[in-house]
Each structure stands twice: as C-alpha cells, then as structure tokens.
Amino acid sequence: MNIFKRHLVTLTINKLSVGLIIFSKEKQSYCHIYSYPYQLKYYNEITNNFPGGIFINVRKVSLYNERPFEHEFFLRIEKSFPFMEELTIRNHKQQINKQFRKSKNENQDLSIIKYPYLKQINLIQTCIDYYEQFLFDTKMDLAFGVRVGMMFELVKEVTHNFTRNRTRNNCAKINYVNLCTGIQYAGYSDNFSGGKQQLPEYIKDYFPYTQID
C-alpha cells in the first residue's frame with residue numbers, strides 16, 4: 001500500500017514568510033512553495049493530499065488526481081477557498097465512500113457544501129460521480145447564476161432524462177450550461193433562432209433560467 005505523508009510548514013527566510021506543503025510517497029517527496037500569506041489569485045492541480053489552510057485571495061482553483069475526490073475533500077476545499085469563483089475538476093475515478101454507503105444501505109446525512117461566490121464550474125473531464133456531487137441538492141447548494149460545463153450524456157443520466165427531483169433545484173440555479181456538442185450528437189434540432197438552439201421543452205423546463213449551448 002502506498003502511504004502518503006503531508007506536512008504544512010511555515011518558515012521565515014530573510015524576513016519573508018514562506019509556506020511549504022510537503023508530500024512524501026515512499027522514497028519520493030515534492031513540495032509546493034509559496035509566499036505566506038498566499039497572494040496569488042489561482043491555485044492549480046490540487047490533489048487529495050492537500051492539507052488545508054485558508055487562502056482568501058484565491059479565486060480560481062483546479063483539482064486533479066488519479067484517486068477519487070470524496071465528499072469530505074470538497075468540504076475541505078469549501079473551508080480553504082472561501083471566495084473561490086472558478087473551479088475545474090479532472091478526475092475519472094469513482095467515489096469510494098459513496099459506494100460504501102450504498103452497500104451498507106446507510107442514509108447518512110452529509111454536510112451540504114456551499115461555494116457562495118462560485119461563478120463557473122468545469123466538469124467535462126470527470127465521471128458521473130462528480131455530476132452527482134455538484135447537482136444533488138443533498139450534497140451541494142449551488143450559487144444562483146453559476147455557469148457549468150458538462151457532458152450531455154452524463155447530465156441526461158444523472159437527471160434521469162431531466163425528470164429527477166434531487167437534481168432539479170441546482171439545475172434551476174444554473175445561468176449557462178455548455179452541452180452543445182452532446183446535444184447535437186443526441187439528434188436534437190440544429191436550428192437556431194436568435195442565436196439559441198431549439199431544444200425539447202422538457203429540457204428547457206428543467207433548466208428554466210439557463211442559456212444552453
């Protein structure tokens with residue numbers, strides 16, 4: 001079994017405070033070094049080993065890992081980036097804890113996550129578990145007016161062909177959703193009126209305040 005160790009260290013070098021996040025795996029280590037407090041507006045390629053901290057200046061975050069991001073990880077992101085506006089996720093690994101809860105028939109209440117300043121989410125390079133993570137109102141309370149990039153077939157699946165109540169509330173909060181390619185492949189009309197694609201009424205009803213491309 002690969003065992004990861006991580007440390008968050010704050011040092012003072014030549015009167016400059018420096019933060020180091022150190023990751024260790026077997027005989028290899030790497031670190032992320034930044035001035036403290038963290039001044040950049042972005043924080044890229046965050047993995048499961050992220051130890052936390054408060055980054056009030058960060059507005060743009062990207063997450064990437066070859067291991068699944070669990071619900072608890074997104075809670076950590078909520079606490080660490082309270083003013084996050086853009087979030088990109090790349091992860092095709094299914095959540096393990098979700099499968100465990102299903103196998104045990106547990107209806108354990110999860111803390112609902114809120115990213116109050118979030119304006120844009122990119123889920124295109126993820127599996128369906130992360131669509132559930134962000135669209136289920138039992139897991140996530142999306143901010144109104146958010147823009148979302150998603151794959152049409154996965155949206156269709158997670159919403160039970162645009163009928164599921166558990167995903168309806170968050171879908172109604174979306175201001176813009178990029179589904180254009182998937183919709184065309186699904187055989188819907190490619191006619192445009194005033195720059196907007198003609199979609200079935202039941203899809204438009206499911207996203208009542210959304211521009212769909």
# chains A, B, ... in the order shown; residues from 1 in each chain; ligands from 1
call {"tool": "select_by_dssp", "arguments": {"residues": "segment 46-156 of chain A", "states": "strand (DSSP E)", "output": "list in words"}}
result
Ile46, Lys60, Val61, Ser62, Leu63, Tyr64, Glu86, Leu87, Thr88, Ile89, Arg90, Asn91, Ile113, Lys114, Gln120, Ile121, Asn122, Leu123, Ile124, Gln125, Thr126, Met140, Asp141, Val146, Arg147, Val148 and Gly149 of chain A
call {"tool": "write_last_selection", "arguments": {"atoms": "C-alpha atoms", "output": "JSON list (two decimals), in the first residue's frame"}}
result
[["chain", "number", "residue", "atom", "x", "y", "z"],
["A", 46, "ILE", "CA", -4.75, 20.41, -6.06],
["A", 60, "LYS", "CA", -9.57, 30.21, -9.46],
["A", 61, "VAL", "CA", -8.97, 26.58, -8.40],
["A", 62, "SER", "CA", -8.24, 23.40, -10.35],
["A", 63, "LEU", "CA", -8.35, 19.87, -8.92],
["A", 64, "TYR", "CA", -6.64, 16.84, -10.40],
["A", 86, "GLU", "CA", -13.94, 29.29, -10.76],
["A", 87, "LEU", "CA", -13.46, 25.56, -10.28],
["A", 88, "THR", "CA", -12.14, 22.97, -12.74],
["A", 89, "ILE", "CA", -12.08, 19.27, -11.87],
["A", 90, "ARG", "CA", -10.25, 16.48, -13.68],
["A", 91, "ASN", "CA", -10.95, 13.08, -12.17],
["A", 113, "ILE", "CA", -21.45, 22.15, 0.72],
["A", 114, "LYS", "CA", -21.80, 25.80, -0.29],
["A", 120, "GLN", "CA", -18.06, 28.83, -13.08],
["A", 121, "ILE", "CA", -17.59, 25.04, -12.87],
["A", 122, "ASN", "CA", -15.99, 22.73, -15.41],
["A", 123, "LEU", "CA", -16.98, 19.06, -15.00],
["A", 124, "ILE", "CA", -16.28, 17.93, -18.57],
["A", 125, "GLN", "CA", -13.27, 15.79, -17.60],
["A", 126, "THR", "CA", -14.96, 13.92, -14.76],
["A", 140, "MET", "CA", -24.31, 20.76, -2.78],
["A", 141, "ASP", "CA", -26.11, 24.09, -2.61],
["A", 146, "VAL", "CA", -23.36, 29.72, -11.98],
["A", 147, "ARG", "CA", -22.00, 28.71, -15.41],
["A", 148, "VAL", "CA", -21.31, 25.00, -15.88],
["A", 149, "GLY", "CA", -19.50, 22.89, -18.48]]
call {"tool": "residues_around", "arguments": {"residues": "segment 65-73 of chain A", "least_positions_apart": "4", "cutoff": "9 Å", "atoms": "only C-alpha atoms", "output": "compact mmCIF listing (two decimals) with N, CA and C atoms, in the first residue's frame"}}
result
# COMPACT_ATOMS: atom_id res chain seq x y z
N GLU A 45 -3.95 22.40 -9.76
CA GLU A 45 -3.55 21.00 -9.61
C GLU A 45 -3.57 20.53 -8.15
N ILE A 46 -4.60 20.87 -7.44
CA ILE A 46 -4.75 20.41 -6.06
C ILE A 46 -5.13 18.93 -6.07
N THR A 47 -4.50 18.15 -5.21
CA THR A 47 -4.77 16.72 -5.13
C THR A 47 -5.38 16.37 -3.77
N ASN A 48 -5.65 15.09 -3.59
CA ASN A 48 -6.18 14.61 -2.31
C ASN A 48 -5.26 14.90 -1.14
N PHE A 50 -3.86 17.59 -0.38
CA PHE A 50 -3.93 18.99 0.06
C PHE A 50 -4.28 19.05 1.54
N ILE A 77 -12.14 21.92 0.56
CA ILE A 77 -12.00 22.99 -0.42
C ILE A 77 -12.89 24.18 -0.05
N GLU A 78 -14.09 23.90 0.43
CA GLU A 78 -15.00 24.96 0.85
C GLU A 78 -14.37 25.84 1.94
N ILE A 89 -12.38 20.58 -12.46
CA ILE A 89 -12.08 19.27 -11.87
C ILE A 89 -11.72 18.29 -12.98
N ARG A 90 -10.63 17.56 -12.78
CA ARG A 90 -10.25 16.48 -13.68
C ARG A 90 -10.07 15.22 -12.84
N ASN A 91 -11.03 14.32 -12.93
CA ASN A 91 -10.95 13.08 -12.17
C ASN A 91 -12.01 12.11 -12.69
N HIS A 92 -11.57 10.95 -13.16
CA HIS A 92 -12.50 9.95 -13.70
C HIS A 92 -12.65 8.75 -12.76
N LYS A 93 -12.14 8.88 -11.53
CA LYS A 93 -12.24 7.78 -10.58
C LYS A 93 -13.52 7.91 -9.75
N GLN A 94 -14.26 6.81 -9.64
CA GLN A 94 -15.50 6.83 -8.87
C GLN A 94 -15.23 7.02 -7.38
N GLN A 95 -16.14 7.71 -6.72
CA GLN A 95 -16.00 7.93 -5.29
C GLN A 95 -16.20 6.62 -4.53
N ILE A 96 -15.28 6.32 -3.64
CA ILE A 96 -15.32 5.06 -2.90
C ILE A 96 -16.33 5.13 -1.76
N ASN A 97 -16.34 6.23 -1.02
CA ASN A 97 -17.23 6.34 0.13
C ASN A 97 -18.69 6.27 -0.27
N LYS A 98 -19.02 6.80 -1.45
CA LYS A 98 -20.41 6.74 -1.92
C LYS A 98 -20.82 5.30 -2.14
N LEU A 110 -25.12 13.98 4.93
CA LEU A 110 -23.86 14.63 4.62
C LEU A 110 -24.01 16.13 4.83
N SER A 111 -22.93 16.76 5.21
CA SER A 111 -22.95 18.22 5.31
C SER A 111 -23.08 18.79 3.91
N ILE A 113 -22.55 21.25 1.04
CA ILE A 113 -21.45 22.15 0.72
C ILE A 113 -21.99 23.39 0.01
N TYR A 130 -19.12 13.02 -9.98
CA TYR A 130 -18.91 14.44 -9.69
C TYR A 130 -20.08 15.29 -10.20
N GLN A 133 -22.19 14.90 -7.27
CA GLN A 133 -21.64 15.71 -6.19
C GLN A 133 -22.10 17.16 -6.29
N LYS A 139 -26.16 17.21 -1.42
CA LYS A 139 -24.71 17.30 -1.27
C LYS A 139 -24.18 18.71 -1.48
call {"tool": "residues_around", "arguments": {"residues": "Leu40 of chain A", "least_positions_apart": "5", "cutoff": "10 Å", "atoms": "only C-alpha atoms", "output": "tab-separated table (two decimals) with N, CA and C atoms, in the first residue's frame"}}
result
chain	number	residue	atom	x	y	z
A	34	TYR	N	5.22	28.69	-1.51
A	34	TYR	CA	4.55	29.95	-1.81
A	34	TYR	C	4.83	30.95	-0.70
A	35	SER	N	4.73	32.23	-1.04
A	35	SER	CA	4.87	33.26	-0.01
A	35	SER	C	3.65	33.21	0.90
A	55	PHE	N	-6.98	30.39	2.15
A	55	PHE	CA	-6.42	31.12	1.02
A	55	PHE	C	-7.47	32.12	0.53
A	56	ILE	N	-7.53	33.26	1.20
A	56	ILE	CA	-8.62	34.21	0.95
A	56	ILE	C	-8.45	34.97	-0.36
A	57	ASN	N	-7.26	34.96	-0.95
A	57	ASN	CA	-7.04	35.69	-2.20
A	57	ASN	C	-7.34	34.86	-3.44
A	58	VAL	N	-7.46	33.57	-3.29
A	58	VAL	CA	-7.63	32.69	-4.44
A	58	VAL	C	-9.05	32.77	-4.99
A	59	ARG	N	-9.14	32.94	-6.31
A	59	ARG	CA	-10.44	32.98	-6.98
A	59	ARG	C	-10.62	31.82	-7.96
A	60	LYS	N	-9.51	31.25	-8.43
A	60	LYS	CA	-9.57	30.21	-9.46
A	60	LYS	C	-8.83	28.97	-8.96
call {"tool": "select_by_dssp", "arguments": {"residues": "segment 33-137 of chain A", "states": "alpha helix (DSSP H)", "output": "list of chain:residue names"}}
result
A:His71, A:Glu72, A:Phe73, A:Phe74, A:Leu75, A:Arg76, A:Ile77, A:Glu78, A:Lys79, A:Ser80, A:Ile96, A:Asn97, A:Lys98, A:Gln99, A:Phe100, A:Arg101, A:Lys102, A:Ser103, A:Ile128, A:Asp129, A:Tyr130, A:Tyr131, A:Glu132, A:Gln133, A:Phe134, A:Leu135
call {"tool": "write_last_selection", "arguments": {"atoms": "C-alpha atoms", "output": "PDB file, in the first residue's frame"}}
result
ATOM      1  CA  HIS A  71     -17.377  14.498  -0.305  1.00  0.00           C
ATOM      2  CA  GLU A  72     -15.124  15.323   2.642  1.00  0.00           C
ATOM      3  CA  PHE A  73     -12.461  16.621   0.252  1.00  0.00           C
ATOM      4  CA  PHE A  74     -14.902  19.139  -1.231  1.00  0.00           C
ATOM      5  CA  LEU A  75     -15.730  20.269   2.308  1.00  0.00           C
ATOM      6  CA  ARG A  76     -12.017  20.960   2.790  1.00  0.00           C
ATOM      7  CA  ILE A  77     -11.999  22.995  -0.422  1.00  0.00           C
ATOM      8  CA  GLU A  78     -15.003  24.965   0.853  1.00  0.00           C
ATOM      9  CA  LYS A  79     -13.137  25.934   4.024  1.00  0.00           C
ATOM     10  CA  SER A  80      -9.797  26.654   2.338  1.00  0.00           C
ATOM     11  CA  ILE A  96     -15.324   5.057  -2.897  1.00  0.00           C
ATOM     12  CA  ASN A  97     -17.229   6.342   0.133  1.00  0.00           C
ATOM     13  CA  LYS A  98     -20.405   6.743  -1.924  1.00  0.00           C
ATOM     14  CA  GLN A  99     -20.247   3.110  -2.994  1.00  0.00           C
ATOM     15  CA  PHE A 100     -19.573   2.061   0.610  1.00  0.00           C
ATOM     16  CA  ARG A 101     -22.639   3.931   1.869  1.00  0.00           C
ATOM     17  CA  LYS A 102     -24.764   2.293  -0.826  1.00  0.00           C
ATOM     18  CA  SER A 103     -23.516  -1.195   0.047  1.00  0.00           C
ATOM     19  CA  ILE A 128     -20.783  10.842 -13.246  1.00  0.00           C
ATOM     20  CA  ASP A 129     -19.988  10.801  -9.510  1.00  0.00           C
ATOM     21  CA  TYR A 130     -18.915  14.441  -9.689  1.00  0.00           C
ATOM     22  CA  TYR A 131     -22.091  15.404 -11.528  1.00  0.00           C
ATOM     23  CA  GLU A 132     -23.959  13.898  -8.590  1.00  0.00           C
ATOM     24  CA  GLN A 133     -21.642  15.710  -6.193  1.00  0.00           C
ATOM     25  CA  PHE A 134     -22.497  19.105  -7.668  1.00  0.00           C
ATOM     26  CA  LEU A 135     -26.095  18.596  -8.813  1.00  0.00           C
TER      27      LEU A 135
END
call {"tool": "closest_residue", "arguments": {"among": "A:Gly52, A:Asn178, A:Met150, A:Tyr117", "to": "Pro82 of chain A", "atoms": "only C-alpha atoms"}}
result
A:Tyr117
call {"tool": "residues_around", "arguments": {"residues": "Tyr209 of chain A", "least_positions_apart": "3", "cutoff": "10 Å", "atoms": "only C-alpha atoms", "output": "PyMOL selection string"}}
result
chain A and resi 144-145+171-176+204-206+212
call {"tool": "atom_distance", "arguments": {"atom1": "atom CA of Met84 of chain A", "atom2": "atom CA of Leu118 of chain A"}}
result
5.8 Å
call {"tool": "atom_distance", "arguments": {"atom1": "atom CA of Thr138 of chain A", "atom2": "atom CA of Arg166 of chain A"}}
result
7.4 Å
call {"tool": "closest_residue", "arguments": {"among": "A:Tyr42, A:Lys119, A:Asn165, A:Leu179", "to": "Glu153 of chain A", "atoms": "only C-alpha atoms"}}
result
A:Leu179
call {"tool": "atom_distance", "arguments": {"atom1": "atom CA of Phe162 of chain A", "atom2": "atom CA of Tyr202 of chain A"}}
result
7.2 Å
